[in-house]
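Undergrad: Dropping in protein_25.cif, with mmCIF, C-alpha atoms and all ligand atoms.
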data_my_file
#
loop_
_atom_site.label_atom_id
_atom_site.label_comp_id
_atom_site.auth_asym_id
_atom_site.auth_seq_id
_atom_site.Cartn_x
_atom_site.Cartn_y
_atom_site.Cartn_z
CA MET A 1 183.06 69.36 287.55
CA ASP A 2 180.74 70.34 290.41
CA LYS A 3 179.26 73.81 290.23
CA MET A 4 178.27 76.45 292.76
CA LYS A 5 176.27 79.67 292.58
CA ALA A 6 178.12 82.99 293.03
CA TYR A 7 177.70 86.72 292.52
CA VAL A 8 180.52 87.77 290.21
CA PHE A 9 181.52 91.42 289.78
CA LYS A 10 182.18 91.56 286.02
CA ASP A 11 182.96 95.28 285.86
CA VAL A 12 181.54 98.61 287.04
CA GLY A 13 177.75 98.40 287.26
CA ASN A 14 177.64 94.69 286.43
CA LEU A 15 177.14 92.08 289.16
CA VAL A 16 176.01 88.70 287.78
CA PHE A 17 174.56 85.68 289.60
CA GLU A 18 176.04 82.67 287.81
CA GLU A 19 177.49 79.19 288.14
CA LYS A 20 181.19 78.63 288.71
CA PRO A 21 183.24 75.51 289.41
CA ILE A 22 183.52 74.74 293.14
CA PRO A 23 187.12 75.55 294.16
CA HIS A 24 189.23 72.95 295.98
CA VAL A 25 192.24 73.23 298.26
CA THR A 26 195.55 73.14 296.39
CA GLU A 27 197.75 75.35 298.63
CA PRO A 28 198.95 73.62 301.82
CA ASP A 29 197.81 76.54 304.03
CA ASP A 30 194.32 77.00 302.57
CA VAL A 31 190.97 75.75 303.79
CA LEU A 32 187.72 75.45 301.83
CA LEU A 33 184.69 76.95 303.52
CA LYS A 34 181.07 76.12 302.84
CA VAL A 35 179.75 79.65 303.26
CA LYS A 36 176.90 79.84 305.81
CA ALA A 37 175.99 83.54 305.52
CA VAL A 38 177.38 86.72 303.98
CA GLY A 39 176.62 90.38 304.70
CA ILE A 40 176.29 93.11 302.09
CA CYS A 41 178.65 95.99 302.86
CA GLY A 42 178.62 99.64 301.80
CA SER A 43 182.00 99.05 300.21
CA ASP A 44 180.49 96.31 297.98
CA ILE A 45 178.18 99.04 296.68
CA LYS A 46 181.14 101.39 296.18
CA ILE A 47 182.89 98.62 294.20
CA ILE A 48 179.85 98.16 291.94
CA GLU A 49 179.79 101.94 291.41
CA GLY A 50 183.52 102.01 290.62
CA LYS A 51 184.34 104.22 293.66
CA HIS A 52 186.56 101.69 295.44
CA HIS A 53 189.53 99.72 294.11
CA PHE A 54 188.32 96.56 292.39
CA LYS A 55 189.27 93.70 290.13
CA PRO A 56 186.90 92.63 287.35
CA ASN A 57 185.62 89.02 287.36
CA THR A 58 185.90 88.64 291.14
CA VAL A 59 183.34 87.07 293.49
CA LEU A 60 182.51 89.89 295.94
CA GLY A 61 181.63 89.48 299.63
CA HIS A 62 184.00 90.05 302.53
CA GLU A 63 181.61 89.77 305.52
CA PHE A 64 181.12 86.04 305.83
CA CYS A 65 181.38 82.96 307.97
CA GLY A 66 181.39 79.31 307.02
CA GLU A 67 182.12 75.72 307.88
CA VAL A 68 185.52 74.19 307.16
CA ILE A 69 185.04 71.28 304.73
CA GLU A 70 188.54 70.74 303.26
CA ILE A 71 191.98 71.52 304.69
CA GLY A 72 195.47 71.77 303.19
CA THR A 73 198.34 69.56 304.32
CA HIS A 74 199.91 72.26 306.56
CA VAL A 75 196.68 73.35 308.27
CA LYS A 76 196.78 72.64 312.00
CA HIS A 77 194.79 75.30 313.87
CA VAL A 78 191.36 74.77 312.32
CA LYS A 79 189.75 71.41 311.66
CA LEU A 80 187.01 69.94 309.51
CA GLY A 81 183.59 70.98 310.80
CA ASP A 82 184.79 74.17 312.54
CA ARG A 83 182.56 77.19 312.08
CA VAL A 84 184.74 80.24 311.44
CA ALA A 85 184.51 83.99 310.86
CA VAL A 86 186.90 85.38 308.26
CA ASP A 87 189.26 88.35 308.30
CA ASN A 88 189.15 89.07 304.57
CA ASN A 89 192.28 91.22 304.59
CA ILE A 90 195.21 88.88 304.08
CA ARG A 91 198.33 90.27 305.75
CA CYS A 92 201.67 88.81 304.69
CA GLY A 93 203.22 88.60 308.16
CA PHE A 94 206.68 89.37 306.76
CA CYS A 95 206.81 93.04 305.71
CA SER A 96 208.14 95.60 308.20
CA PHE A 97 204.59 96.90 308.88
CA CYS A 98 203.33 93.41 309.75
CA ARG A 99 206.40 92.72 311.86
CA MET A 100 205.99 95.98 313.79
CA GLY A 101 202.29 95.34 314.54
CA LEU A 102 200.85 97.76 311.97
CA THR A 103 199.22 94.99 309.96
CA SER A 104 196.60 97.28 308.38
CA GLN A 105 199.45 98.84 306.40
CA CYS A 106 200.79 95.49 305.13
CA VAL A 107 202.31 96.00 301.68
CA ASP A 108 200.19 93.13 300.31
CA ILE A 109 196.83 94.26 301.65
CA LYS A 110 195.63 96.10 298.54
CA THR A 111 196.27 93.14 296.26
CA SER A 112 195.01 90.24 298.35
CA ALA A 113 191.68 91.14 300.00
CA LEU A 114 189.07 88.37 299.78
CA GLY A 115 185.89 89.62 298.14
CA VAL A 116 187.72 92.58 296.59
CA MET A 117 190.86 91.40 294.78
CA ARG A 118 190.30 87.64 295.00
CA ASP A 119 187.12 85.56 295.21
CA GLY A 120 185.11 86.14 298.39
CA GLY A 121 181.99 85.03 300.17
CA TYR A 122 179.15 85.88 297.76
CA ALA A 123 179.38 82.19 296.82
CA GLU A 124 178.45 78.79 298.19
CA TYR A 125 182.13 77.91 298.70
CA CYS A 126 185.25 80.01 299.27
CA LEU A 127 188.98 79.26 299.59
CA VAL A 128 190.54 81.05 302.57
CA PRO A 129 194.05 80.91 304.08
CA GLU A 130 193.96 79.21 307.48
CA LYS A 131 195.40 82.27 309.25
CA GLN A 132 192.36 84.36 308.21
CA CYS A 133 189.95 82.00 310.03
CA PHE A 134 188.66 82.65 313.58
CA THR A 135 186.64 79.90 315.25
CA LEU A 136 183.19 81.03 316.39
CA PRO A 137 181.61 79.98 319.70
CA ASP A 138 178.09 78.50 319.46
CA VAL A 139 176.43 81.60 320.98
CA ILE A 140 177.40 83.63 317.88
CA ASP A 141 175.01 82.51 315.15
CA ASP A 142 175.78 82.59 311.42
CA ILE A 143 174.14 85.97 310.91
CA LEU A 144 176.09 87.69 313.70
CA GLY A 145 179.18 85.74 312.60
CA THR A 146 179.21 87.68 309.32
CA GLN A 147 179.75 90.92 311.25
CA VAL A 148 182.89 90.01 313.19
CA GLU A 149 185.08 91.65 310.52
CA THR A 150 182.85 94.75 310.44
CA LEU A 151 183.04 95.09 314.20
CA ALA A 152 186.81 94.53 314.05
CA THR A 153 187.23 97.73 312.03
CA VAL A 154 185.16 99.65 314.59
CA VAL A 155 187.14 98.14 317.50
CA ASN A 156 190.30 99.40 315.78
CA GLY A 157 188.61 102.81 315.80
CA MET A 158 187.82 102.49 319.52
CA ASN A 159 191.42 101.48 320.26
CA THR A 160 192.58 104.59 318.41
CA LEU A 161 190.08 106.98 320.01
CA LEU A 162 190.46 105.87 323.64
CA MET A 163 186.90 107.07 324.41
CA LEU A 164 186.47 108.24 328.02
CA PRO A 165 183.37 108.06 330.26
CA TYR A 166 183.01 111.84 330.34
CA ASP A 167 183.39 112.41 326.57
CA TYR A 168 180.73 114.08 324.44
CA VAL A 169 180.60 112.06 321.22
CA MET A 170 179.14 112.90 317.83
CA ILE A 171 178.79 110.38 315.00
CA ILE A 172 178.23 111.66 311.46
CA GLY A 173 176.36 109.03 309.44
CA PHE A 174 174.26 106.21 310.91
CA GLY A 175 174.98 103.29 308.61
CA PRO A 176 176.30 100.00 310.03
CA ILE A 177 179.60 101.63 311.08
CA GLY A 178 177.88 104.59 312.77
CA TYR A 179 175.53 102.11 314.43
CA LEU A 180 178.37 100.09 315.99
CA PHE A 181 180.23 103.21 317.17
CA GLY A 182 176.88 104.43 318.55
CA GLN A 183 176.53 101.27 320.64
CA PHE A 184 180.00 101.74 322.12
CA ALA A 185 179.44 105.44 322.80
CA LYS A 186 176.10 104.70 324.46
CA ASN A 187 177.85 102.18 326.76
CA ILE A 188 180.88 104.35 327.52
CA ALA A 189 180.51 108.10 326.89
CA ALA A 190 178.72 110.86 328.82
CA LYS A 191 176.50 111.81 325.87
CA VAL A 192 176.19 110.87 322.21
CA ALA A 193 174.40 112.32 319.19
CA VAL A 194 174.30 111.01 315.62
CA THR A 195 173.45 112.58 312.27
CA GLU A 196 171.76 110.87 309.34
CA ILE A 197 169.75 111.85 306.26
CA ASP A 198 167.90 108.64 305.35
CA PRO A 199 164.50 108.42 307.15
CA PHE A 200 164.81 104.65 307.61
CA ARG A 201 168.17 104.92 309.36
CA ILE A 202 166.97 107.89 311.42
CA SER A 203 164.20 105.64 312.75
CA VAL A 204 166.75 102.92 313.63
CA ALA A 205 168.82 105.48 315.56
CA ARG A 206 165.69 106.46 317.53
CA GLU A 207 164.93 102.78 318.15
CA CYS A 208 168.43 102.53 319.68
CA GLY A 209 167.56 105.43 322.01
CA LEU A 210 170.04 107.81 320.38
CA THR A 211 169.68 111.55 319.80
CA VAL A 212 169.62 111.99 316.00
CA TRP A 213 169.71 115.09 313.77
CA ASN A 214 169.12 115.37 310.03
CA PRO A 215 171.78 117.77 308.63
CA GLN A 216 169.41 118.59 305.74
CA GLU A 217 166.89 119.96 308.25
CA VAL A 218 168.90 121.47 311.11
CA ASP A 219 172.25 123.22 311.61
CA VAL A 220 174.29 120.45 313.24
CA VAL A 221 177.05 122.81 314.41
CA GLU A 222 174.42 124.76 316.35
CA LYS A 223 172.88 121.51 317.63
CA ILE A 224 176.15 120.01 318.92
CA THR A 225 177.04 123.35 320.53
CA ASP A 226 173.72 123.43 322.45
CA PHE A 227 173.88 119.69 323.22
CA THR A 228 177.28 120.15 324.91
CA TYR A 229 176.48 123.42 326.72
CA GLY A 230 178.61 125.45 324.34
CA ARG A 231 181.63 123.20 324.32
CA LYS A 232 181.20 120.96 321.18
CA ALA A 233 182.14 117.27 320.91
CA ASP A 234 185.28 115.77 322.40
CA ILE A 235 185.13 113.06 319.74
CA VAL A 236 183.64 113.31 316.24
CA ILE A 237 183.47 110.10 314.21
CA GLU A 238 182.97 110.80 310.50
CA ALA A 239 181.35 107.62 309.16
CA THR A 240 180.14 108.82 305.76
CA GLY A 241 183.42 109.61 303.99
CA ASN A 242 182.30 113.04 302.83
CA ALA A 243 181.93 115.27 305.91
CA LEU A 244 185.42 115.98 307.26
CA GLU A 245 184.86 119.74 307.07
CA GLN A 246 181.66 119.43 309.11
CA ALA A 247 183.45 117.15 311.61
CA LEU A 248 186.12 119.83 312.14
CA GLN A 249 183.39 122.41 312.83
CA CYS A 250 181.79 120.16 315.46
CA VAL A 251 184.85 119.18 317.51
CA THR A 252 185.92 120.97 320.68
CA PRO A 253 189.40 122.53 321.03
CA GLY A 254 191.82 119.72 321.81
CA GLY A 255 189.28 117.14 320.61
CA LYS A 256 189.62 114.17 318.28
CA VAL A 257 188.25 113.58 314.79
CA LEU A 258 188.17 110.09 313.30
CA PRO A 259 187.67 110.06 309.52
CA PHE A 260 186.29 106.55 309.04
CA GLY A 261 184.07 106.54 305.95
CA MET A 262 185.79 105.56 302.71
CA ASP A 263 185.16 107.27 299.40
CA SER A 264 188.24 107.94 297.30
CA SER A 265 186.32 110.35 295.07
CA VAL A 266 185.85 112.94 297.87
CA LYS A 267 188.12 115.96 298.52
CA ALA A 268 188.00 118.41 301.45
CA THR A 269 189.27 121.94 302.08
CA ILE A 270 190.82 122.58 305.48
CA VAL A 271 192.71 125.49 307.05
CA PRO A 272 195.90 123.97 308.52
CA ASN A 273 196.24 126.84 310.99
CA GLU A 274 192.88 125.93 312.52
CA ILE A 275 194.16 122.41 313.27
CA THR A 276 197.12 124.04 315.03
CA ARG A 277 195.16 126.82 316.76
CA TRP A 278 192.49 124.46 318.11
CA ALA A 279 194.89 121.57 318.78
CA THR A 280 192.66 119.17 316.83
CA LYS A 281 193.71 115.54 316.64
CA ILE A 282 192.81 113.99 313.27
CA LEU A 283 193.27 110.25 313.67
CA GLY A 284 193.60 108.13 310.54
CA LEU A 285 193.16 104.38 310.57
CA TYR A 286 192.36 101.59 308.15
CA LEU A 287 190.55 98.24 308.54
CA GLY A 288 190.79 96.10 311.64
CA GLN A 289 194.12 95.41 313.26
CA ASN A 290 194.47 92.53 315.73
CA THR A 291 190.79 93.12 316.52
CA MET A 292 189.03 89.95 315.31
CA VAL A 293 189.45 88.14 318.66
CA PRO A 294 188.24 91.16 320.69
CA SER A 295 185.22 91.43 318.37
CA ILE A 296 184.30 87.78 318.90
CA ARG A 297 184.54 88.38 322.64
CA LEU A 298 182.22 91.42 322.43
CA PHE A 299 179.58 89.44 320.51
CA GLU A 300 180.00 86.40 322.76
CA GLU A 301 179.35 88.51 325.86
CA ASN A 302 176.44 90.31 324.14
CA ARG A 303 177.90 93.76 324.87
CA LEU A 304 176.18 95.53 321.96
CA ASN A 305 172.48 95.85 321.15
CA MET A 306 172.44 94.18 317.72
CA GLY A 307 168.62 93.84 317.55
CA PRO A 308 167.80 96.68 315.12
CA PHE A 309 171.09 96.22 313.22
CA PHE A 310 169.91 93.43 310.91
CA THR A 311 167.11 94.73 308.72
CA LYS A 312 166.69 91.55 306.70
CA VAL A 313 168.04 88.06 306.26
CA ILE A 314 167.34 86.96 302.69
CA PRO A 315 167.87 83.70 300.79
CA PHE A 316 171.19 83.62 298.92
CA ASP A 317 169.58 83.61 295.46
CA GLU A 318 167.65 86.83 296.18
CA GLY A 319 170.75 88.97 296.73
CA LEU A 320 170.41 91.30 293.76
CA GLY A 321 167.24 92.82 295.22
CA ALA A 322 169.12 93.82 298.38
CA PHE A 323 171.19 96.50 296.64
CA ASP A 324 168.02 98.38 295.82
CA LEU A 325 167.06 98.43 299.52
CA LEU A 326 170.58 99.67 300.30
CA GLY A 327 170.09 102.68 298.04
CA LEU A 328 171.57 101.65 294.69
CA ASP A 329 169.42 101.21 291.60
CA MET A 330 171.30 98.39 289.85
CA LYS A 331 169.99 99.34 286.41
CA THR A 332 170.84 103.05 286.42
CA LEU A 333 173.47 103.17 289.25
CA GLN A 334 171.50 106.11 290.66
CA HIS A 335 171.20 106.54 294.43
CA LYS A 336 167.87 106.37 296.22
CA PRO A 337 166.85 106.56 299.90
CA LYS A 338 168.13 103.55 301.84
CA GLN A 339 165.48 101.22 303.26
CA ALA A 340 167.86 99.06 305.28
CA MET A 341 170.74 99.01 307.75
CA LYS A 342 172.40 95.61 307.24
CA ILE A 343 171.15 92.85 304.92
CA VAL A 344 172.60 89.35 305.19
CA MET A 345 172.25 86.55 302.65
CA LYS A 346 171.81 83.11 304.23
CA MET A 347 172.74 79.96 302.34
ZN ZN B 401 182.65 95.69 304.89
ZN ZN B 402 202.76 92.49 305.55
#
Turn this file's structure into structure tokens for me.
TA:
Amino acid sequence: MDKMKAYVFKDVGNLVFEEKPIPHVTEPDDVLLKVKAVGICGSDIKIIEGKHHFKPNTVLGHEFCGEVIEIGTHVKHVKLGDRVAVDNNIRCGFCSFCRMGLTSQCVDIKTSALGVMRDGGYAEYCLVPEKQCFTLPDVIDDILGTQVETLATVVNGMNTLLMLPYDYVMIIGFGPIGYLFGQFAKNIAAKVAVTEIDPFRISVARECGLTVWNPQEVDVVEKITDFTYGRKADIVIEATGNALEQALQCVTPGGKVLPFGMDSSVKATIVPNEITRWATKILGLYLGQNTMVPSIRLFEENRLNMGPFFTKVIPFDEGLGAFDLLGLDMKTLQHKPKQAMKIVMKM
């Protein structure tokens, strides 16, 4: 049987680069992709740390694109040779959430995600249902193609926020998600500031021409108050997963807070009466939702400055070293300063 190389998540703290049999199409609706490139996501790191739902013995990797090399008997919308981006969250299409347009709440989503609950794109080949594939135009290269799903989550955030041209926007956390929101805010809003603690990511924010504050060095509530002439931010995007309380202190009366970061180990204390008194809108959302096509359009029309986004493109077999640059010591599972924004493995 032919073999391929893959990074398999064995269990918490244990990601192994090993050989596996190349999968082949057996379901009529599946396609087999030859993976072209795959991005390393913050949630992959959370999975390795055991801070995200996971399934042992799964090939990780949910930010990927590839070429269609086998198709099932019922496949009719993609064809052999197509280059496609993947929405890794498989939505059933039949539950009441799917049928009412709220596909991010599909009852199957927690048990079917590619690269989380079933084998994903940290491999040379990956089986994907046809309906998860989105054909890429030539102007979107393989590296950018890995980020269509990432951008789709942020576009869902933008759809929820309805950012206006006169909004003051604050983004807490300048990782890849904060970066993408920062690009939108820079294009749309009146003024935007971001916060970040890692020196490397602070320098990327500056390179993007953004105002950036380190919350370990300055009082960000004071900063946002001065920055907005005493008013505070109309929109606060919390992209770390652990700063909801700070977000609530930085938002203006009547303003919106978007908790976007994901860390199920974090708890927050809030005063419900303050939400009422200051008419704060806390807007929850999850994943992308009908936002893959809009994301492809945004990349195709080059609407976002993606230059400083990609820190490194590395060969596929050098992937284990990338986690170190992203702030996780793979031997001790201790955190260290991040030396990268996004790292992509290229086959
Ligand atoms: Zn991701
Ligand atoms: Zn569903």
Undergrad: Here is a test: counting only C-alpha atoms, which residue of A:Leu60, A:Leu102, A:Met347, A:Ala247 is nearest to Ile314 of chain A?
TA: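 Using only C-alpha atoms, Ile314 of chain A sits closest to A:Met347.
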Undergrad: Determine, counting all atoms listed in the file, which protein, DNA and RNA residues have an atom within 12 Å of an atom of Asn89 of chain A; residues of the same chain fewer than 4 positions away are not included. Present the result as a ChimeraX atom specification.
TA: /A:61-63,93,103-118,120,128-129,131-133,149-150,152-153,286-290,292
Undergrad: Taking into account all atoms listed in the file, which residue in the set A:Val344, A:Ile224, A:Leu298, A:Ile140 is nearest to ligand ZN 401 (chain B)?
TA: A:Val344
Undergrad: For each of A:Ile71, A:Ile90, A:Leu15, A:Met158, take the minimum atom-to-atom distance to ligand ZN 402 (chain B), counting only C-alpha atoms and all ligand atoms, then give the residue where this is smallest.
TA: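 The closest residue to ligand ZN 402 (chain B) is A:Ile90.
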Undergrad: For segment 182-190 of chain A, please output as a PyMOL selection string all residues within 7 Å (counting all atoms listed in the file; exclusion window: fewer than 3 positions along the same chain).
TA: chain A and resi 163-169+178-179+304-305
Undergrad: For each of A:Gly321, A:Asp2, A:Arg201, A:Leu161, take the minimum atom-to-atom distance to Val257 of chain A, counting all atoms listed in the file, then give the residue where this is smallest.
TA: A:Leu161
Undergrad: Could you tell me how far atom CA of Met341 of chain A lies from atom CA of Glu300 of chain A, in Å and to one decimal?
TA: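 If I compute the distance from atom CA of Met341 of chain A to atom CA of Glu300 of chain A, I get 21.7 Å.
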Undergrad: Find the residues near Thr269 of chain A: any atom within 12 Å, counting all atoms listed in the file, skip ones fewer than 4 places away on the same chain, and give them as a compact mmCIF listing (two decimals) with C-alpha atoms, keeping the file's coordinate frame.
TA:
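Generated file (around.txt):
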# COMPACT_ATOMS: atom_id res chain seq x y z
CA ASN A 242 182.30 113.04 302.83
CA ALA A 243 181.93 115.27 305.91
CA LEU A 244 185.42 115.98 307.26
CA GLU A 245 184.86 119.74 307.07
CA GLN A 246 181.66 119.43 309.11
CA LEU A 248 186.12 119.83 312.14
CA GLU A 274 192.88 125.93 312.52
